[in-house]
$ cat start22.pdb   # PDB, C-alpha atoms, pLDDT in the B column
ATOM      1  CA  MET A1264       5.787  33.668  13.895  1.00 87.00           C
ATOM      2  CA  PRO A1265       3.202  35.652  15.891  1.00 94.00           C
ATOM      3  CA  CYS A1266      -0.587  35.307  15.889  1.00 95.00           C
ATOM      4  CA  GLN A1267      -2.081  37.072  12.875  1.00 96.00           C
ATOM      5  CA  LEU A1268      -4.695  38.814  15.059  1.00 96.00           C
ATOM      6  CA  CYS A1269      -3.065  39.754  18.367  1.00 95.00           C
ATOM      7  CA  HIS A1270       0.580  39.508  17.206  1.00 95.00           C
ATOM      8  CA  ARG A1271       1.699  37.644  20.337  1.00 94.00           C
ATOM      9  CA  PRO A1272       4.552  35.174  19.854  1.00 92.00           C
ATOM     10  CA  THR A1273       3.039  31.909  21.075  1.00 91.00           C
ATOM     11  CA  GLU A1274       1.922  28.464  19.921  1.00 92.00           C
ATOM     12  CA  LEU A1275      -0.299  28.814  16.861  1.00 95.00           C
ATOM     13  CA  THR A1276      -3.276  26.944  15.454  1.00 95.00           C
ATOM     14  CA  GLU A1277      -4.611  26.909  11.922  1.00 95.00           C
ATOM     15  CA  HIS A1278      -7.980  28.625  11.394  1.00 95.00           C
ATOM     16  CA  HIS A1279      -9.854  27.884   8.168  1.00 93.00           C
ATOM     17  CA  LEU A1280     -11.429  31.109   6.938  1.00 92.00           C
ATOM     18  CA  VAL A1281     -14.334  29.113   5.502  1.00 87.00           C
ATOM     19  CA  PRO A1282     -15.114  26.291   7.946  1.00 90.00           C
ATOM     20  CA  ARG A1283     -14.264  22.806   6.712  1.00 86.00           C
ATOM     21  CA  GLN A1284     -17.899  21.829   7.282  1.00 84.00           C
ATOM     22  CA  TYR A1285     -18.856  24.000   4.285  1.00 80.00           C
ATOM     23  CA  THR A1286     -16.050  23.005   1.943  1.00 76.00           C
ATOM     24  CA  ARG A1287     -16.415  19.261   2.597  1.00 77.00           C
ATOM     25  CA  ARG A1288     -20.166  19.236   1.970  1.00 75.00           C
ATOM     26  CA  ARG A1289     -19.723  20.978  -1.352  1.00 75.00           C
ATOM     27  CA  LYS A1290     -16.693  18.851  -2.262  1.00 80.00           C
ATOM     28  CA  LEU A1291     -14.548  21.968  -2.562  1.00 78.00           C
ATOM     29  CA  PRO A1292     -10.865  22.232  -1.690  1.00 81.00           C
ATOM     30  CA  PRO A1293     -10.142  23.517   1.836  1.00 79.00           C
ATOM     31  CA  SER A1294     -10.198  27.281   2.220  1.00 80.00           C
ATOM     32  CA  ASP A1295      -7.255  29.513   3.003  1.00 89.00           C
ATOM     33  CA  THR A1296      -6.036  29.473   6.581  1.00 92.00           C
ATOM     34  CA  VAL A1297      -4.556  31.960   9.021  1.00 95.00           C
ATOM     35  CA  LEU A1298      -2.327  31.203  12.000  1.00 96.00           C
ATOM     36  CA  LEU A1299      -3.865  32.201  15.311  1.00 97.00           C
ATOM     37  CA  CYS A1300      -3.033  31.696  18.954  1.00 95.00           C
ATOM     38  CA  ARG A1301      -5.426  29.444  20.852  1.00 94.00           C
ATOM     39  CA  PRO A1302      -7.244  32.280  22.685  1.00 95.00           C
ATOM     40  CA  CYS A1303      -7.957  34.214  19.471  1.00 96.00           C
ATOM     41  CA  HIS A1304      -9.005  31.053  17.634  1.00 95.00           C
ATOM     42  CA  LYS A1305     -11.311  29.971  20.446  1.00 95.00           C
ATOM     43  CA  HIS A1306     -12.821  33.438  20.790  1.00 95.00           C
ATOM     44  CA  ILE A1307     -13.698  33.545  17.088  1.00 96.00           C
ATOM     45  CA  HIS A1308     -15.605  30.273  17.429  1.00 94.00           C
ATOM     46  CA  THR A1309     -17.247  31.509  20.634  1.00 95.00           C
ATOM     47  CA  LEU A1310     -18.531  34.668  18.943  1.00 94.00           C
ATOM     48  CA  PHE A1311     -19.617  33.208  15.599  1.00 94.00           C
ATOM     49  CA  ASP A1312     -21.206  30.010  14.356  1.00 93.00           C
ATOM     50  CA  ASN A1313     -19.840  28.285  11.249  1.00 91.00           C
ATOM     51  CA  HIS A1314     -22.563  29.734   9.010  1.00 90.00           C
ATOM     52  CA  THR A1315     -21.654  33.295  10.012  1.00 94.00           C
ATOM     53  CA  LEU A1316     -17.951  32.603   9.589  1.00 94.00           C
ATOM     54  CA  ALA A1317     -18.483  31.179   6.098  1.00 90.00           C
ATOM     55  CA  ARG A1318     -20.713  34.028   4.919  1.00 92.00           C
ATOM     56  CA  GLN A1319     -19.486  37.164   6.698  1.00 95.00           C
ATOM     57  CA  PHE A1320     -16.040  36.631   8.198  1.00 95.00           C
ATOM     58  CA  ASN A1321     -14.200  34.638   5.531  1.00 92.00           C
ATOM     59  CA  THR A1322     -11.133  36.890   5.295  1.00 94.00           C
ATOM     60  CA  LEU A1323      -8.565  38.027   7.841  1.00 95.00           C
ATOM     61  CA  GLU A1324      -9.452  41.656   7.099  1.00 96.00           C
ATOM     62  CA  ARG A1325     -13.131  41.100   7.929  1.00 96.00           C
ATOM     63  CA  LEU A1326     -12.212  39.369  11.182  1.00 96.00           C
ATOM     64  CA  GLN A1327      -9.871  42.220  12.116  1.00 96.00           C
ATOM     65  CA  ALA A1328     -12.602  44.804  11.405  1.00 97.00           C
ATOM     66  CA  GLU A1329     -15.256  43.180  13.642  1.00 97.00           C
ATOM     67  CA  PRO A1330     -15.729  45.383  16.763  1.00 96.00           C
ATOM     68  CA  ARG A1331     -16.254  42.586  19.330  1.00 94.00           C
ATOM     69  CA  LEU A1332     -13.153  40.804  18.110  1.00 95.00           C
ATOM     70  CA  GLN A1333     -11.172  44.073  18.079  1.00 96.00           C
ATOM     71  CA  LYS A1334     -12.039  44.574  21.746  1.00 96.00           C
ATOM     72  CA  PHE A1335     -10.838  41.063  22.631  1.00 95.00           C
ATOM     73  CA  VAL A1336      -7.646  41.404  20.549  1.00 96.00           C
ATOM     74  CA  ALA A1337      -6.826  44.733  22.222  1.00 96.00           C
ATOM     75  CA  TRP A1338      -7.107  43.059  25.618  1.00 95.00           C
ATOM     76  CA  VAL A1339      -5.382  39.755  24.823  1.00 95.00           C
ATOM     77  CA  SER A1340      -2.458  41.425  23.067  1.00 94.00           C
ATOM     78  CA  LYS A1341      -1.458  42.876  26.463  1.00 94.00           C
ATOM     79  CA  GLN A1342      -1.485  39.454  28.182  1.00 92.00           C
ATOM     80  CA  GLN A1343       1.510  37.188  28.656  1.00 88.00           C
ATOM     81  CA  PRO A1344       1.730  34.518  25.906  1.00 85.00           C
ATOM     82  CA  ASP A1345       1.457  31.678  28.419  1.00 83.00           C
ATOM     83  CA  LYS A1346      -1.622  33.085  30.222  1.00 81.00           C
ATOM     84  CA  ARG A1347      -4.687  30.844  30.093  1.00 84.00           C
ATOM     85  CA  VAL A1348      -7.563  32.803  28.601  1.00 84.00           C
ATOM     86  CA  ARG A1349     -11.231  31.848  28.743  1.00 79.00           C
ATOM     87  CA  SER A1350     -13.879  32.855  26.231  1.00 75.00           C
ATOM     88  CA  TYR A1351     -17.506  33.429  27.209  1.00 71.00           C
ATOM     89  CA  ARG A1352     -20.515  34.018  25.016  1.00 67.00           C
TER      90      ARG A1352
END

$ encode --input "start22.pdb" --output "structure tokens"
Amino acid sequence: MPCQLCHRPTELTEHHLVPRQYTRRRKLPPSDTVLLCRPCHKHIHTLFDNHTLARQFNTLERLQAEPRLQKFVAWVSKQQPDKRVRSYR
């Protein structure tokens, strides 16, 4: 199965659309998750803090529509799946 953002076939991680920090504090069940490659997952957490993720980017569609993330996804989708990618603020 490929990454749900960049569509590269590589090892995937589970990204909670609403960070666990928010659901645990409110004693809510964990939020829905999406499967992302490590570079996409790391870049999301580099760009946004947990508060912003919980309030503004809590769906895959909202993440896909964010311009800074679109720019990264366009670039990373052209990279080899085994390439090490760094994320900078």

$ residues_around --input "start22.pdb" --residues "Leu1323 (chain A)" --least-positions-apart "4" --cutoff "10 Å" --atoms "only C-alpha atoms" --output "PDB file with C-alpha atoms, in the frame of the given file"
ATOM      1  CA  GLN A1267      -2.081  37.072  12.875  1.00 96.00           C
ATOM      2  CA  LEU A1268      -4.695  38.814  15.059  1.00 96.00           C
ATOM      3  CA  LEU A1280     -11.429  31.109   6.938  1.00 92.00           C
ATOM      4  CA  ASP A1295      -7.255  29.513   3.003  1.00 89.00           C
ATOM      5  CA  THR A1296      -6.036  29.473   6.581  1.00 92.00           C
ATOM      6  CA  VAL A1297      -4.556  31.960   9.021  1.00 95.00           C
ATOM      7  CA  GLN A1327      -9.871  42.220  12.116  1.00 96.00           C
ATOM      8  CA  ALA A1328     -12.602  44.804  11.405  1.00 97.00           C
TER       9      ALA A1328
END

$ atom_distance --input "start22.pdb" --atom1 "CA of Thr1276 (chain A)" --atom2 "CA of Gln1333 (chain A)"
19.0 Å

$ closest_residue --input "start22.pdb" --among "A:Arg1301, A:Arg1287, A:His1308, A:Arg1271" --to "Lys1341 (chain A)" --atoms "all atoms listed in the file"
A:Arg1271

$ resolve_selection --input "start22.pdb" --expression "the PyMOL selection byres ((chain A and resi 1350) around 7)" --output "PyMOL selection string"
chain A and resi 1305-1306+1309+1348-1349+1351-1352

$ resolve_selection --input "start22.pdb" --expression "the PyMOL selection byres ((chain A and resi 1274) around 12)" --output "ChimeraX atom specification"
/A:1264-1267,1270-1273,1275-1277,1298-1304,1344-1346

$ closest_residue --input "start22.pdb" --among "A:Ser1340, A:Lys1290, A:Lys1334, A:Glu1329" --to "Leu1316 (chain A)" --atoms "all atoms listed in the file"
A:Glu1329

$ atom_distance --input "start22.pdb" --atom1 "CA of Gln1284 (chain A)" --atom2 "CA of Val1339 (chain A)"
28.0 Å

$ resolve_selection --input "start22.pdb" --expression "the PyMOL selection byres ((chain A and resi 1293) around 9)" --output "ChimeraX atom specification"
/A:1279,1281-1283,1286-1287,1291-1292,1294-1296

$ atom_distance --input "start22.pdb" --atom1 "CA of Ala1337 (chain A)" --atom2 "CA of His1314 (chain A)"
25.4 Å

$ build_atoms --input "start22.pdb" --residues "region 1298-1309 of chain A" --atoms "all heavy atoms" --output "mmCIF file, in the coordinates of the input"
data_model
loop_
_atom_site.group_PDB
_atom_site.id
_atom_site.type_symbol
_atom_site.label_atom_id
_atom_site.label_comp_id
_atom_site.auth_asym_id
_atom_site.auth_seq_id
_atom_site.Cartn_x
_atom_site.Cartn_y
_atom_site.Cartn_z
ATOM 1 N N LEU A 1298 -2.913 31.765 10.785
ATOM 2 C CA LEU A 1298 -2.327 31.203 12.000
ATOM 3 C C LEU A 1298 -2.684 32.086 13.185
ATOM 4 O O LEU A 1298 -2.374 33.285 13.196
ATOM 5 C CB LEU A 1298 -0.811 31.091 11.854
ATOM 6 C CG LEU A 1298 -0.356 30.116 10.775
ATOM 7 C CD1 LEU A 1298 1.151 30.157 10.608
ATOM 8 C CD2 LEU A 1298 -0.812 28.709 11.108
ATOM 9 N N LEU A 1299 -3.381 31.473 14.149
ATOM 10 C CA LEU A 1299 -3.865 32.201 15.311
ATOM 11 C C LEU A 1299 -3.434 31.510 16.590
ATOM 12 O O LEU A 1299 -3.298 30.288 16.624
ATOM 13 C CB LEU A 1299 -5.398 32.265 15.296
ATOM 14 C CG LEU A 1299 -6.064 32.867 14.059
ATOM 15 C CD1 LEU A 1299 -7.568 32.742 14.180
ATOM 16 C CD2 LEU A 1299 -5.658 34.310 13.880
ATOM 17 N N CYS A 1300 -3.274 32.294 17.650
ATOM 18 C CA CYS A 1300 -3.033 31.696 18.954
ATOM 19 C C CYS A 1300 -4.339 31.047 19.417
ATOM 20 O O CYS A 1300 -5.420 31.356 18.908
ATOM 21 C CB CYS A 1300 -2.553 32.755 19.950
ATOM 22 S SG CYS A 1300 -3.765 34.022 20.348
ATOM 23 N N ARG A 1301 -4.236 30.154 20.374
ATOM 24 C CA ARG A 1301 -5.426 29.444 20.852
ATOM 25 C C ARG A 1301 -6.514 30.384 21.389
ATOM 26 O O ARG A 1301 -7.686 30.199 21.075
ATOM 27 C CB ARG A 1301 -5.041 28.419 21.902
ATOM 28 C CG ARG A 1301 -4.330 27.237 21.307
ATOM 29 C CD ARG A 1301 -4.115 26.142 22.345
ATOM 30 N NE ARG A 1301 -3.283 25.079 21.821
ATOM 31 C CZ ARG A 1301 -3.733 24.103 21.043
ATOM 32 N NH1 ARG A 1301 -4.990 24.059 20.712
ATOM 33 N NH2 ARG A 1301 -2.906 23.173 20.601
ATOM 34 N N PRO A 1302 -6.177 31.391 22.196
ATOM 35 C CA PRO A 1302 -7.244 32.280 22.685
ATOM 36 C C PRO A 1302 -7.997 33.002 21.566
ATOM 37 O O PRO A 1302 -9.222 33.080 21.594
ATOM 38 C CB PRO A 1302 -6.510 33.268 23.588
ATOM 39 C CG PRO A 1302 -5.310 32.522 24.049
ATOM 40 C CD PRO A 1302 -4.897 31.678 22.859
ATOM 41 N N CYS A 1303 -7.285 33.524 20.583
ATOM 42 C CA CYS A 1303 -7.957 34.214 19.471
ATOM 43 C C CYS A 1303 -8.814 33.240 18.675
ATOM 44 O O CYS A 1303 -9.961 33.545 18.311
ATOM 45 C CB CYS A 1303 -6.935 34.892 18.558
ATOM 46 S SG CYS A 1303 -6.184 36.367 19.268
ATOM 47 N N HIS A 1304 -8.277 32.062 18.399
ATOM 48 C CA HIS A 1304 -9.005 31.053 17.634
ATOM 49 C C HIS A 1304 -10.281 30.648 18.380
ATOM 50 O O HIS A 1304 -11.371 30.615 17.804
ATOM 51 C CB HIS A 1304 -8.109 29.850 17.388
ATOM 52 C CG HIS A 1304 -8.614 28.935 16.324
ATOM 53 N ND1 HIS A 1304 -7.871 27.886 15.863
ATOM 54 C CD2 HIS A 1304 -9.775 28.881 15.627
ATOM 55 C CE1 HIS A 1304 -8.555 27.244 14.929
ATOM 56 N NE2 HIS A 1304 -9.712 27.828 14.788
ATOM 57 N N LYS A 1305 -10.149 30.383 19.657
ATOM 58 C CA LYS A 1305 -11.311 29.971 20.446
ATOM 59 C C LYS A 1305 -12.337 31.091 20.525
ATOM 60 O O LYS A 1305 -13.544 30.851 20.456
ATOM 61 C CB LYS A 1305 -10.871 29.549 21.846
ATOM 62 C CG LYS A 1305 -12.005 29.013 22.644
ATOM 63 C CD LYS A 1305 -11.545 28.386 23.920
ATOM 64 C CE LYS A 1305 -12.773 27.852 24.640
ATOM 65 N NZ LYS A 1305 -12.488 27.075 25.782
ATOM 66 N N HIS A 1306 -11.886 32.318 20.671
ATOM 67 C CA HIS A 1306 -12.821 33.438 20.790
ATOM 68 C C HIS A 1306 -13.616 33.636 19.500
ATOM 69 O O HIS A 1306 -14.810 33.959 19.550
ATOM 70 C CB HIS A 1306 -12.090 34.714 21.193
ATOM 71 C CG HIS A 1306 -12.998 35.739 21.775
ATOM 72 N ND1 HIS A 1306 -13.581 35.590 23.011
ATOM 73 C CD2 HIS A 1306 -13.457 36.909 21.282
ATOM 74 C CE1 HIS A 1306 -14.354 36.639 23.257
ATOM 75 N NE2 HIS A 1306 -14.287 37.451 22.219
ATOM 76 N N ILE A 1307 -12.986 33.452 18.372
ATOM 77 C CA ILE A 1307 -13.698 33.545 17.088
ATOM 78 C C ILE A 1307 -14.842 32.544 17.064
ATOM 79 O O ILE A 1307 -15.979 32.878 16.706
ATOM 80 C CB ILE A 1307 -12.735 33.304 15.904
ATOM 81 C CG1 ILE A 1307 -11.830 34.509 15.721
ATOM 82 C CG2 ILE A 1307 -13.505 33.019 14.614
ATOM 83 C CD1 ILE A 1307 -10.699 34.286 14.742
ATOM 84 N N HIS A 1308 -14.566 31.304 17.465
ATOM 85 C CA HIS A 1308 -15.605 30.273 17.429
ATOM 86 C C HIS A 1308 -16.623 30.438 18.554
ATOM 87 O O HIS A 1308 -17.722 29.898 18.466
ATOM 88 C CB HIS A 1308 -14.963 28.882 17.447
ATOM 89 C CG HIS A 1308 -14.323 28.551 16.145
ATOM 90 N ND1 HIS A 1308 -15.044 28.201 15.020
ATOM 91 C CD2 HIS A 1308 -13.021 28.544 15.760
ATOM 92 C CE1 HIS A 1308 -14.219 27.978 14.019
ATOM 93 N NE2 HIS A 1308 -12.981 28.191 14.439
ATOM 94 N N THR A 1309 -16.282 31.186 19.586
ATOM 95 C CA THR A 1309 -17.247 31.509 20.634
ATOM 96 C C THR A 1309 -18.218 32.583 20.144
ATOM 97 O O THR A 1309 -19.415 32.511 20.396
ATOM 98 C CB THR A 1309 -16.522 32.004 21.904
ATOM 99 O OG1 THR A 1309 -15.680 30.956 22.373
ATOM 100 C CG2 THR A 1309 -17.493 32.405 22.989
#
